[in-house]
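Q: Enclosed is the structure file run_2.pdb (PDB, C-alpha atoms, pLDDT in the B column).
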MODEL        1
ATOM      1  CA  MET A1115     -49.419  22.155   5.401  1.00 60.00           C
ATOM      2  CA  SER A1116     -47.530  23.877   2.576  1.00 72.00           C
ATOM      3  CA  LYS A1117     -48.688  23.733  -0.991  1.00 90.00           C
ATOM      4  CA  ILE A1118     -45.916  21.960  -2.891  1.00 94.00           C
ATOM      5  CA  ILE A1119     -45.154  22.260  -6.593  1.00 96.00           C
ATOM      6  CA  LYS A1120     -42.418  20.000  -7.943  1.00 97.00           C
ATOM      7  CA  TYR A1121     -40.458  20.466 -11.157  1.00 97.00           C
ATOM      8  CA  TYR A1122     -38.618  17.459 -12.590  1.00 97.00           C
ATOM      9  CA  ILE A1123     -36.227  18.378 -15.413  1.00 97.00           C
ATOM     10  CA  VAL A1124     -34.305  16.006 -17.673  1.00 97.00           C
ATOM     11  CA  THR A1125     -31.588  17.803 -19.646  1.00 93.00           C
ATOM     12  CA  GLU A1126     -30.072  17.016 -23.041  1.00 91.00           C
ATOM     13  CA  ASP A1127     -27.175  15.210 -21.375  1.00 89.00           C
ATOM     14  CA  GLN A1128     -29.617  13.157 -19.264  1.00 92.00           C
ATOM     15  CA  GLN A1129     -29.142  14.995 -15.981  1.00 91.00           C
ATOM     16  CA  ASN A1130     -32.145  14.564 -13.702  1.00 95.00           C
ATOM     17  CA  LEU A1131     -32.910  17.726 -11.731  1.00 94.00           C
ATOM     18  CA  GLU A1132     -35.638  18.040  -9.127  1.00 94.00           C
ATOM     19  CA  TYR A1133     -36.920  21.251  -7.565  1.00 93.00           C
ATOM     20  CA  GLU A1134     -39.576  21.676  -4.923  1.00 94.00           C
ATOM     21  CA  ILE A1135     -41.337  24.994  -4.417  1.00 95.00           C
ATOM     22  CA  GLN A1136     -43.250  25.300  -1.159  1.00 95.00           C
ATOM     23  CA  LEU A1137     -45.982  27.917  -0.795  1.00 95.00           C
ATOM     24  CA  ASP A1138     -47.587  28.945   2.476  1.00 94.00           C
ATOM     25  CA  PRO A1139     -51.210  27.702   2.239  1.00 90.00           C
ATOM     26  CA  MET A1140     -52.545  30.904   3.821  1.00 90.00           C
ATOM     27  CA  ASN A1141     -50.817  33.621   1.826  1.00 92.00           C
ATOM     28  CA  SER A1142     -49.023  31.760  -1.021  1.00 93.00           C
ATOM     29  CA  ILE A1143     -45.638  33.167  -0.004  1.00 95.00           C
ATOM     30  CA  MET A1144     -42.744  30.953  -1.038  1.00 95.00           C
ATOM     31  CA  LYS A1145     -40.746  29.286   1.726  1.00 92.00           C
ATOM     32  CA  ARG A1146     -37.028  29.221   0.947  1.00 88.00           C
ATOM     33  CA  THR A1147     -35.709  25.832   2.066  1.00 85.00           C
ATOM     34  CA  SER A1148     -32.112  26.130   0.866  1.00 83.00           C
ATOM     35  CA  SER A1149     -29.381  26.334   3.505  1.00 80.00           C
ATOM     36  CA  ILE A1150     -27.025  28.090   1.083  1.00 83.00           C
ATOM     37  CA  PRO A1151     -26.318  31.699   2.190  1.00 87.00           C
ATOM     38  CA  PRO A1152     -27.610  34.369  -0.217  1.00 86.00           C
ATOM     39  CA  MET A1153     -25.142  35.363  -2.931  1.00 90.00           C
ATOM     40  CA  PRO A1154     -23.809  38.966  -2.969  1.00 92.00           C
ATOM     41  CA  TRP A1155     -25.757  39.802  -6.122  1.00 94.00           C
ATOM     42  CA  THR A1156     -29.003  39.327  -4.160  1.00 95.00           C
ATOM     43  CA  ASN A1157     -28.240  42.289  -1.874  1.00 96.00           C
ATOM     44  CA  LEU A1158     -31.080  44.790  -2.057  1.00 96.00           C
ATOM     45  CA  GLU A1159     -28.656  47.624  -2.799  1.00 94.00           C
ATOM     46  CA  ASN A1160     -27.376  45.810  -5.903  1.00 93.00           C
ATOM     47  CA  CYS A1161     -29.395  47.143  -8.856  1.00 93.00           C
ATOM     48  CA  LYS A1162     -32.284  48.017  -6.552  1.00 94.00           C
ATOM     49  CA  CYS A1163     -35.470  48.829  -8.472  1.00 94.00           C
ATOM     50  CA  GLU A1164     -36.034  52.567  -8.605  1.00 90.00           C
ATOM     51  CA  SER A1165     -39.615  52.055  -7.423  1.00 90.00           C
ATOM     52  CA  CYS A1166     -38.754  49.501  -4.702  1.00 95.00           C
ATOM     53  CA  PRO A1167     -40.519  50.433  -1.428  1.00 95.00           C
ATOM     54  CA  LEU A1168     -38.312  48.186   0.744  1.00 96.00           C
ATOM     55  CA  ASN A1169     -35.875  49.740   3.208  1.00 93.00           C
ATOM     56  CA  VAL A1170     -32.317  48.435   2.925  1.00 91.00           C
ATOM     57  CA  LYS A1171     -31.922  48.680   6.701  1.00 91.00           C
ATOM     58  CA  LYS A1172     -34.734  46.181   7.227  1.00 92.00           C
ATOM     59  CA  HIS A1173     -34.278  44.095   4.091  1.00 94.00           C
ATOM     60  CA  LYS A1174     -30.673  43.228   3.312  1.00 94.00           C
ATOM     61  CA  GLN A1175     -31.598  41.077   0.310  1.00 95.00           C
ATOM     62  CA  CYS A1176     -34.067  41.494  -2.522  1.00 97.00           C
ATOM     63  CA  PRO A1177     -36.710  38.820  -1.787  1.00 96.00           C
ATOM     64  CA  VAL A1178     -37.099  37.986  -5.468  1.00 97.00           C
ATOM     65  CA  ALA A1179     -33.360  37.657  -6.059  1.00 96.00           C
ATOM     66  CA  VAL A1180     -32.871  35.457  -2.983  1.00 95.00           C
ATOM     67  CA  ASN A1181     -35.566  33.009  -4.043  1.00 95.00           C
ATOM     68  CA  LEU A1182     -34.297  32.934  -7.616  1.00 95.00           C
ATOM     69  CA  SER A1183     -30.658  32.566  -6.609  1.00 92.00           C
ATOM     70  CA  ASP A1184     -30.504  28.773  -6.255  1.00 87.00           C
ATOM     71  CA  PHE A1185     -31.958  28.323  -9.748  1.00 89.00           C
ATOM     72  CA  ILE A1186     -29.776  31.055 -11.216  1.00 91.00           C
ATOM     73  CA  GLU A1187     -26.611  29.448  -9.866  1.00 88.00           C
ATOM     74  CA  THR A1188     -27.627  26.139 -11.423  1.00 89.00           C
ATOM     75  CA  PHE A1189     -28.540  27.448 -14.872  1.00 91.00           C
ATOM     76  CA  LYS A1190     -26.488  30.632 -15.318  1.00 91.00           C
ATOM     77  CA  ASN A1191     -24.035  28.922 -17.704  1.00 91.00           C
ATOM     78  CA  GLN A1192     -26.658  27.048 -19.736  1.00 91.00           C
ATOM     79  CA  LYS A1193     -27.797  27.790 -23.278  1.00 92.00           C
ATOM     80  CA  SER A1194     -31.353  29.047 -23.738  1.00 93.00           C
ATOM     81  CA  PHE A1195     -32.284  26.624 -26.496  1.00 94.00           C
ATOM     82  CA  SER A1196     -30.911  23.416 -25.009  1.00 94.00           C
ATOM     83  CA  LYS A1197     -33.717  20.840 -25.005  1.00 96.00           C
ATOM     84  CA  VAL A1198     -35.285  19.654 -21.760  1.00 97.00           C
ATOM     85  CA  SER A1199     -38.156  17.434 -20.727  1.00 98.00           C
ATOM     86  CA  THR A1200     -40.106  18.835 -17.790  1.00 98.00           C
ATOM     87  CA  LYS A1201     -42.724  17.314 -15.514  1.00 98.00           C
ATOM     88  CA  VAL A1202     -44.584  19.557 -13.085  1.00 98.00           C
ATOM     89  CA  VAL A1203     -46.468  17.889 -10.256  1.00 97.00           C
ATOM     90  CA  THR A1204     -49.018  19.793  -8.161  1.00 93.00           C
ATOM     91  CA  GLY A1205     -51.537  18.550  -5.644  1.00 89.00           C
ATOM     92  CA  GLN A1206     -54.233  18.413  -8.325  1.00 90.00           C
ATOM     93  CA  ARG A1207     -52.564  17.322 -11.569  1.00 94.00           C
ATOM     94  CA  THR A1208     -49.360  16.654 -13.503  1.00 97.00           C
ATOM     95  CA  TYR A1209     -48.076  18.605 -16.502  1.00 97.00           C
ATOM     96  CA  LEU A1210     -45.561  17.407 -19.106  1.00 98.00           C
ATOM     97  CA  LYS A1211     -43.662  19.606 -21.523  1.00 97.00           C
ATOM     98  CA  GLU A1212     -40.907  19.138 -24.102  1.00 97.00           C
ATOM     99  CA  SER A1213     -39.305  22.526 -24.617  1.00 96.00           C
ATOM    100  CA  ASP A1214     -36.141  24.567 -24.559  1.00 96.00           C
ATOM    101  CA  LEU A1215     -34.588  25.412 -21.203  1.00 96.00           C
ATOM    102  CA  GLN A1216     -35.605  29.081 -21.193  1.00 96.00           C
ATOM    103  CA  THR A1217     -39.283  28.108 -21.467  1.00 96.00           C
ATOM    104  CA  THR A1218     -39.050  25.861 -18.431  1.00 97.00           C
ATOM    105  CA  LEU A1219     -37.149  28.521 -16.485  1.00 96.00           C
ATOM    106  CA  LYS A1220     -39.769  31.106 -17.439  1.00 96.00           C
ATOM    107  CA  SER A1221     -42.434  28.932 -15.831  1.00 96.00           C
ATOM    108  CA  ILE A1222     -40.384  28.435 -12.658  1.00 97.00           C
ATOM    109  CA  PHE A1223     -39.226  32.046 -12.413  1.00 97.00           C
ATOM    110  CA  GLY A1224     -42.737  33.396 -12.922  1.00 96.00           C
ATOM    111  CA  LEU A1225     -43.993  31.328  -9.986  1.00 97.00           C
ATOM    112  CA  ILE A1226     -41.071  32.254  -7.742  1.00 97.00           C
ATOM    113  CA  MET A1227     -41.202  35.980  -8.481  1.00 97.00           C
ATOM    114  CA  ALA A1228     -44.940  36.194  -7.848  1.00 96.00           C
ATOM    115  CA  THR A1229     -44.644  34.437  -4.472  1.00 97.00           C
ATOM    116  CA  SER A1230     -41.472  36.028  -3.091  1.00 96.00           C
ATOM    117  CA  GLY A1231     -43.189  38.792  -1.138  1.00 95.00           C
ATOM    118  CA  CYS A1232     -42.105  41.665  -3.397  1.00 97.00           C
ATOM    119  CA  PRO A1233     -44.701  44.431  -2.819  1.00 96.00           C
ATOM    120  CA  ILE A1234     -44.772  45.345  -6.500  1.00 97.00           C
ATOM    121  CA  LEU A1235     -45.257  41.748  -7.670  1.00 97.00           C
ATOM    122  CA  ASP A1236     -47.848  40.938  -4.999  1.00 95.00           C
ATOM    123  CA  PRO A1237     -50.825  41.451  -7.372  1.00 93.00           C
ATOM    124  CA  LEU A1238     -49.616  38.313  -9.180  1.00 94.00           C
ATOM    125  CA  ARG A1239     -49.783  36.141  -6.062  1.00 94.00           C
ATOM    126  CA  PRO A1240     -53.457  35.095  -6.421  1.00 91.00           C
ATOM    127  CA  MET A1241     -52.649  33.723  -9.888  1.00 91.00           C
ATOM    128  CA  ALA A1242     -49.653  31.852  -8.493  1.00 91.00           C
ATOM    129  CA  LYS A1243     -51.960  30.116  -6.024  1.00 89.00           C
ATOM    130  CA  PHE A1244     -53.556  28.531  -9.108  1.00 91.00           C
ATOM    131  CA  HIS A1245     -50.264  28.050 -10.929  1.00 93.00           C
ATOM    132  CA  LEU A1246     -50.590  27.078 -14.584  1.00 95.00           C
ATOM    133  CA  PRO A1247     -47.181  25.900 -15.841  1.00 95.00           C
ATOM    134  CA  PHE A1248     -46.225  26.869 -19.389  1.00 95.00           C
ATOM    135  CA  ALA A1249     -49.233  29.154 -19.829  1.00 94.00           C
ATOM    136  CA  THR A1250     -49.458  30.706 -23.289  1.00 92.00           C
ATOM    137  CA  ILE A1251     -49.601  34.446 -23.668  1.00 90.00           C
ATOM    138  CA  GLU A1252     -53.356  34.216 -24.378  1.00 90.00           C
ATOM    139  CA  GLU A1253     -53.929  32.141 -21.241  1.00 93.00           C
ATOM    140  CA  THR A1254     -51.856  34.544 -19.184  1.00 93.00           C
ATOM    141  CA  MET A1255     -53.822  37.481 -20.509  1.00 90.00           C
ATOM    142  CA  MET A1256     -57.181  35.874 -19.725  1.00 91.00           C
ATOM    143  CA  ARG A1257     -56.062  34.804 -16.247  1.00 93.00           C
ATOM    144  CA  SER A1258     -54.587  38.216 -15.424  1.00 93.00           C
ATOM    145  CA  ILE A1259     -57.608  40.222 -16.470  1.00 91.00           C
ATOM    146  CA  SER A1260     -60.120  37.804 -14.947  1.00 91.00           C
ATOM    147  CA  MET A1261     -58.259  37.727 -11.632  1.00 92.00           C
ATOM    148  CA  PHE A1262     -57.992  41.518 -11.568  1.00 91.00           C
ATOM    149  CA  LEU A1263     -61.717  41.998 -12.136  1.00 87.00           C
ATOM    150  CA  LEU A1264     -62.535  39.419  -9.475  1.00 87.00           C
ATOM    151  CA  ARG A1265     -60.194  41.204  -7.048  1.00 86.00           C
ATOM    152  CA  LYS A1266     -61.911  44.533  -7.718  1.00 82.00           C
ATOM    153  CA  TYR A1267     -65.289  42.888  -7.199  1.00 79.00           C
ATOM    154  CA  MET A1268     -64.180  41.595  -3.801  1.00 81.00           C
ATOM    155  CA  GLU A1269     -62.532  44.862  -2.771  1.00 78.00           C
ATOM    156  CA  ASP A1270     -65.630  46.893  -3.619  1.00 70.00           C
ATOM    157  CA  GLU A1271     -67.828  44.609  -1.523  1.00 64.00           C
ATOM    158  CA  ASN A1272     -69.934  43.666  -4.540  1.00 56.00           C
ATOM    159  CA  GLU A1273     -71.024  47.256  -5.142  1.00 61.00           C
ATOM    160  CA  ASN A1274     -70.692  49.162  -8.406  1.00 62.00           C
ATOM    161  CA  VAL A1275     -67.629  47.446  -9.794  1.00 59.00           C
ATOM    162  CA  GLN A1276     -65.935  49.702 -12.330  1.00 61.00           C
ATOM    163  CA  LEU A1277     -64.717  47.809 -15.385  1.00 65.00           C
ATOM    164  CA  ASN A1278     -61.666  50.021 -15.695  1.00 77.00           C
ATOM    165  CA  LEU A1279     -58.329  48.380 -16.396  1.00 85.00           C
ATOM    166  CA  ASP A1280     -56.180  51.468 -15.853  1.00 87.00           C
ATOM    167  CA  GLN A1281     -55.065  50.161 -12.466  1.00 88.00           C
ATOM    168  CA  LEU A1282     -54.114  46.794 -13.955  1.00 90.00           C
ATOM    169  CA  ASN A1283     -52.164  48.532 -16.692  1.00 91.00           C
ATOM    170  CA  GLU A1284     -50.280  50.549 -14.088  1.00 92.00           C
ATOM    171  CA  GLU A1285     -49.548  47.419 -12.049  1.00 93.00           C
ATOM    172  CA  TYR A1286     -48.097  45.704 -15.096  1.00 93.00           C
ATOM    173  CA  ARG A1287     -46.031  48.760 -15.924  1.00 92.00           C
ATOM    174  CA  LYS A1288     -44.438  48.468 -12.480  1.00 94.00           C
ATOM    175  CA  ILE A1289     -44.029  44.692 -12.879  1.00 95.00           C
ATOM    176  CA  ALA A1290     -42.182  45.266 -16.161  1.00 94.00           C
ATOM    177  CA  HIS A1291     -39.921  47.677 -14.299  1.00 94.00           C
ATOM    178  CA  VAL A1292     -39.064  44.952 -11.766  1.00 96.00           C
ATOM    179  CA  ASN A1293     -38.339  42.489 -14.573  1.00 95.00           C
ATOM    180  CA  GLN A1294     -35.913  44.954 -16.120  1.00 95.00           C
ATOM    181  CA  TRP A1295     -34.039  45.508 -12.870  1.00 95.00           C
ATOM    182  CA  ILE A1296     -33.870  41.776 -12.148  1.00 96.00           C
ATOM    183  CA  ALA A1297     -32.305  41.423 -15.594  1.00 94.00           C
ATOM    184  CA  LYS A1298     -29.744  44.063 -14.619  1.00 94.00           C
ATOM    185  CA  ARG A1299     -28.938  42.079 -11.483  1.00 94.00           C
ATOM    186  CA  LEU A1300     -28.332  38.980 -13.563  1.00 94.00           C
ATOM    187  CA  ASN A1301     -25.920  40.932 -15.734  1.00 92.00           C
ATOM    188  CA  THR A1302     -23.706  41.441 -12.655  1.00 92.00           C
ATOM    189  CA  ILE A1303     -23.180  37.664 -12.270  1.00 92.00           C
ATOM    190  CA  THR A1304     -20.018  36.053 -13.599  1.00 86.00           C
ATOM    191  CA  ARG A1305     -20.962  33.448 -16.198  1.00 88.00           C
ATOM    192  CA  THR A1306     -19.711  31.762 -19.344  1.00 86.00           C
ATOM    193  CA  GLU A1307     -20.152  33.490 -22.679  1.00 83.00           C
ATOM    194  CA  GLU A1308     -22.915  31.046 -23.651  1.00 85.00           C
ATOM    195  CA  GLY A1309     -24.750  31.356 -20.340  1.00 88.00           C
ATOM    196  CA  GLU A1310     -28.033  33.086 -21.137  1.00 92.00           C
ATOM    197  CA  ALA A1311     -30.946  30.771 -20.266  1.00 93.00           C
ATOM    198  CA  ASP A1312     -31.785  32.548 -17.003  1.00 94.00           C
ATOM    199  CA  LYS A1313     -31.580  36.022 -18.537  1.00 94.00           C
ATOM    200  CA  ASN A1314     -33.713  35.050 -21.524  1.00 95.00           C
ATOM    201  CA  ALA A1315     -36.324  33.504 -19.232  1.00 95.00           C
ATOM    202  CA  ILE A1316     -36.709  36.870 -17.498  1.00 95.00           C
ATOM    203  CA  SER A1317     -36.854  38.543 -20.905  1.00 95.00           C
ATOM    204  CA  GLN A1318     -39.703  36.241 -21.946  1.00 94.00           C
ATOM    205  CA  LEU A1319     -41.621  37.070 -18.779  1.00 95.00           C
ATOM    206  CA  ASN A1320     -41.186  40.740 -19.546  1.00 94.00           C
ATOM    207  CA  ASN A1321     -42.462  40.222 -23.092  1.00 93.00           C
ATOM    208  CA  TYR A1322     -45.667  38.770 -21.644  1.00 92.00           C
ATOM    209  CA  THR A1323     -45.996  41.754 -19.324  1.00 92.00           C
ATOM    210  CA  GLN A1324     -45.528  44.274 -22.109  1.00 90.00           C
ATOM    211  CA  PHE A1325     -47.910  42.439 -24.442  1.00 89.00           C
ATOM    212  CA  LEU A1326     -50.638  42.546 -21.799  1.00 88.00           C
ATOM    213  CA  ALA A1327     -50.142  46.294 -21.325  1.00 85.00           C
ATOM    214  CA  ILE A1328     -50.456  46.808 -25.084  1.00 87.00           C
ATOM    215  CA  GLU A1329     -53.599  44.667 -25.213  1.00 85.00           C
ATOM    216  CA  ILE A1330     -55.231  46.752 -22.473  1.00 84.00           C
ATOM    217  CA  GLU A1331     -54.388  49.948 -24.345  1.00 82.00           C
ATOM    218  CA  CYS A1332     -56.008  48.427 -27.451  1.00 82.00           C
ATOM    219  CA  ASN A1333     -59.284  47.844 -25.545  1.00 77.00           C
ATOM    220  CA  LEU A1334     -58.785  44.069 -25.385  1.00 81.00           C
ATOM    221  CA  ASP A1335     -59.496  43.667 -29.078  1.00 81.00           C
ATOM    222  CA  SER A1336     -58.094  40.133 -29.282  1.00 80.00           C
ATOM    223  CA  ILE A1337     -60.154  39.011 -26.274  1.00 83.00           C
ATOM    224  CA  LYS A1338     -63.351  40.490 -27.709  1.00 82.00           C
ATOM    225  CA  LYS A1339     -63.068  38.100 -30.641  1.00 82.00           C
ATOM    226  CA  ILE A1340     -63.430  35.151 -28.275  1.00 83.00           C
ATOM    227  CA  PHE A1341     -66.945  36.252 -27.411  1.00 84.00           C
ATOM    228  CA  ASP A1342     -68.118  37.034 -30.951  1.00 79.00           C
TER     229      ASP A1342
ENDMDL
END
Can I see the file as structure tokens?

A:
Amino acid sequence: MSKIIKYYIVTEDQQNLEYEIQLDPMNSIMKRTSSIPPMPWTNLENCKCESCPLNVKKHKQCPVAVNLSDFIETFKNQKSFSKVSTKVVTGQRTYLKESDLQTTLKSIFGLIMATSGCPILDPLRPMAKFHLPFATIEETMMRSISMFLLRKYMEDENENVQLNLDQLNEEYRKIAHVNQWIAKRLNTITRTEEGEADKNAISQLNNYTQFLAIEIECNLDSIKKIFD
């Protein structure tokens, strides 16, 4: 049975929007349920990431772009700071948040991107399995580093785990690269002049990524204070 995460969004003009994200219970890969054919901007060749390992002959669409496309088409003409009320329902608990639209989209996009099967974003998939909607930058940083160290512990079969975050820093450098190229894809979409909520949501995700990289380079100084 799929793991299901539901987002219920009420917009400023009282539109009620409902989105269901289904994750495979074994590997946490998102199952696309839409019957709408992929839009041209999702083609892998369109603004393909320079570091993308996928072959265009085998993968006609970018997996991240395809899974984002239904949400992008809905919100591409919306303002970033329009107010929304969002309820997120998972199998374990319910979250409520009053925020601007870009904050809600950041939460949705982060989950979708991590579970789309992109090889570069795959390190984020274990965190997506334990999705925390609207995580702060501090929560994201703690979750990312903790999950990375646990992964290394498992990979090394419990022997001589090296507390070296260079690999994590490199992974986040590549993730930032993907964010930037997804943003370039979104710039190829026809939209109204005010339509920016989707693009700014990706920008916020990239800010989190870059902040984490800086924190690692600074020897986790802000995290150390937690344990003083």

Q: Measuring between all atoms listed in the file, which one of A:Pro1233, A:Pro1247, A:Gly1205, A:Pro1240 shows the shortest distance to A:Thr1218?

A: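 The answer is A:Pro1247, which sits nearest to A:Thr1218.
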
Q: Hey, what comes out of the PyMOL selection byres ((chain A and resi 1121) around 6) on this file? Could you write it as a VMD selection string?

A: chain A and resid 1120 1122 1132 to 1133 1201 to 1202

Q: Work out how far atom CA of A:Ile1222 is from atom CA of A:Ser1199, in Å to one decimal.

A: 13.8 Å

Q: Go through A:Glu1329, A:Asp1138, A:Glu1164, A:Glu1307 and flag the residue nearest A:Thr1254, using only C-alpha atoms for the distances.

A: A:Glu1329

Q: Any idea what's packed within 7 Å of A:Ile1119, counting only C-alpha atoms, ignoring anything in its chain fewer than 2 positions away? Could you give it as a PyMOL selection string?

A: chain A and resi 1117+1121+1134-1136+1203-1204

Q: Tell me which of A:Phe1262, A:Phe1189, A:Trp1155, A:Tyr1209 sits closest to A:Pro1177, counting all atoms listed in the file.

A: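 Answer, going by the shortest atom-to-atom distance: A:Trp1155.
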
Q: Between atom CA of A:Leu1238 and atom CA of A:Gly1224, what distance in Å does the model show, to one decimal?

A: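 Taking atom CA of A:Leu1238 and atom CA of A:Gly1224, their separation equals 9.2 Å.
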
Q: Quick one: distance from atom CA of A:Asn1141 to atom CA of A:Glu1269 in Å, one decimal?

A: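 For atom CA of A:Asn1141 relative to atom CA of A:Glu1269, the distance reads 16.9 Å.
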
Q: List as a list in words the residues having at least one atom at most 10 Å from position (-43.8, 36.5, -2.4) as given in the file, counting only C-alpha atoms.

A: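 With a cut-off of 10 Å, the residues come to Leu1137, Asp1138, Asn1141, Ser1142, Ile1143, Met1144, Lys1145, Pro1177, Val1178, Asn1181, Leu1225, Ile1226, Met1227, Ala1228, Thr1229, Ser1230, Gly1231, Cys1232, Pro1233, Ile1234, Leu1235, Asp1236, Pro1237, Leu1238, Arg1239 and Ala1242 of chain A.
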
Q: Measuring between all atoms listed in the file, which one of A:Ser1213, A:Ser1149, A:Ser1260, A:Ile1340 shows the shortest distance to A:Lys1197?

A: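 That would be A:Ser1213, the residue with the smallest distance to A:Lys1197.
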
Q: Apply the PyMOL selection byres ((chain A and resi 1297) around 10) to the structure shown and report the selected residues as a ChimeraX atom specification.

A: /A:1161,1291-1296,1298-1302,1312-1317,1320

Q: If the box runs along x, y and z of the file and leaves 4 Å on each side of stretch 1191-1194 of chain A, what are its centre and edge lengths in Å, one decimal, as JSON?

A:
{"center_x": -27.7, "center_y": 28.0, "center_z": -20.7, "size_x": 15.3, "size_y": 10.0, "size_z": 14.0}

Q: Kindly indicate which residue among A:Gln1281, A:Ser1221, A:Gln1175, A:Thr1147 lies nearest to A:Thr1250, using only C-alpha atoms for the distances.

A: A:Ser1221
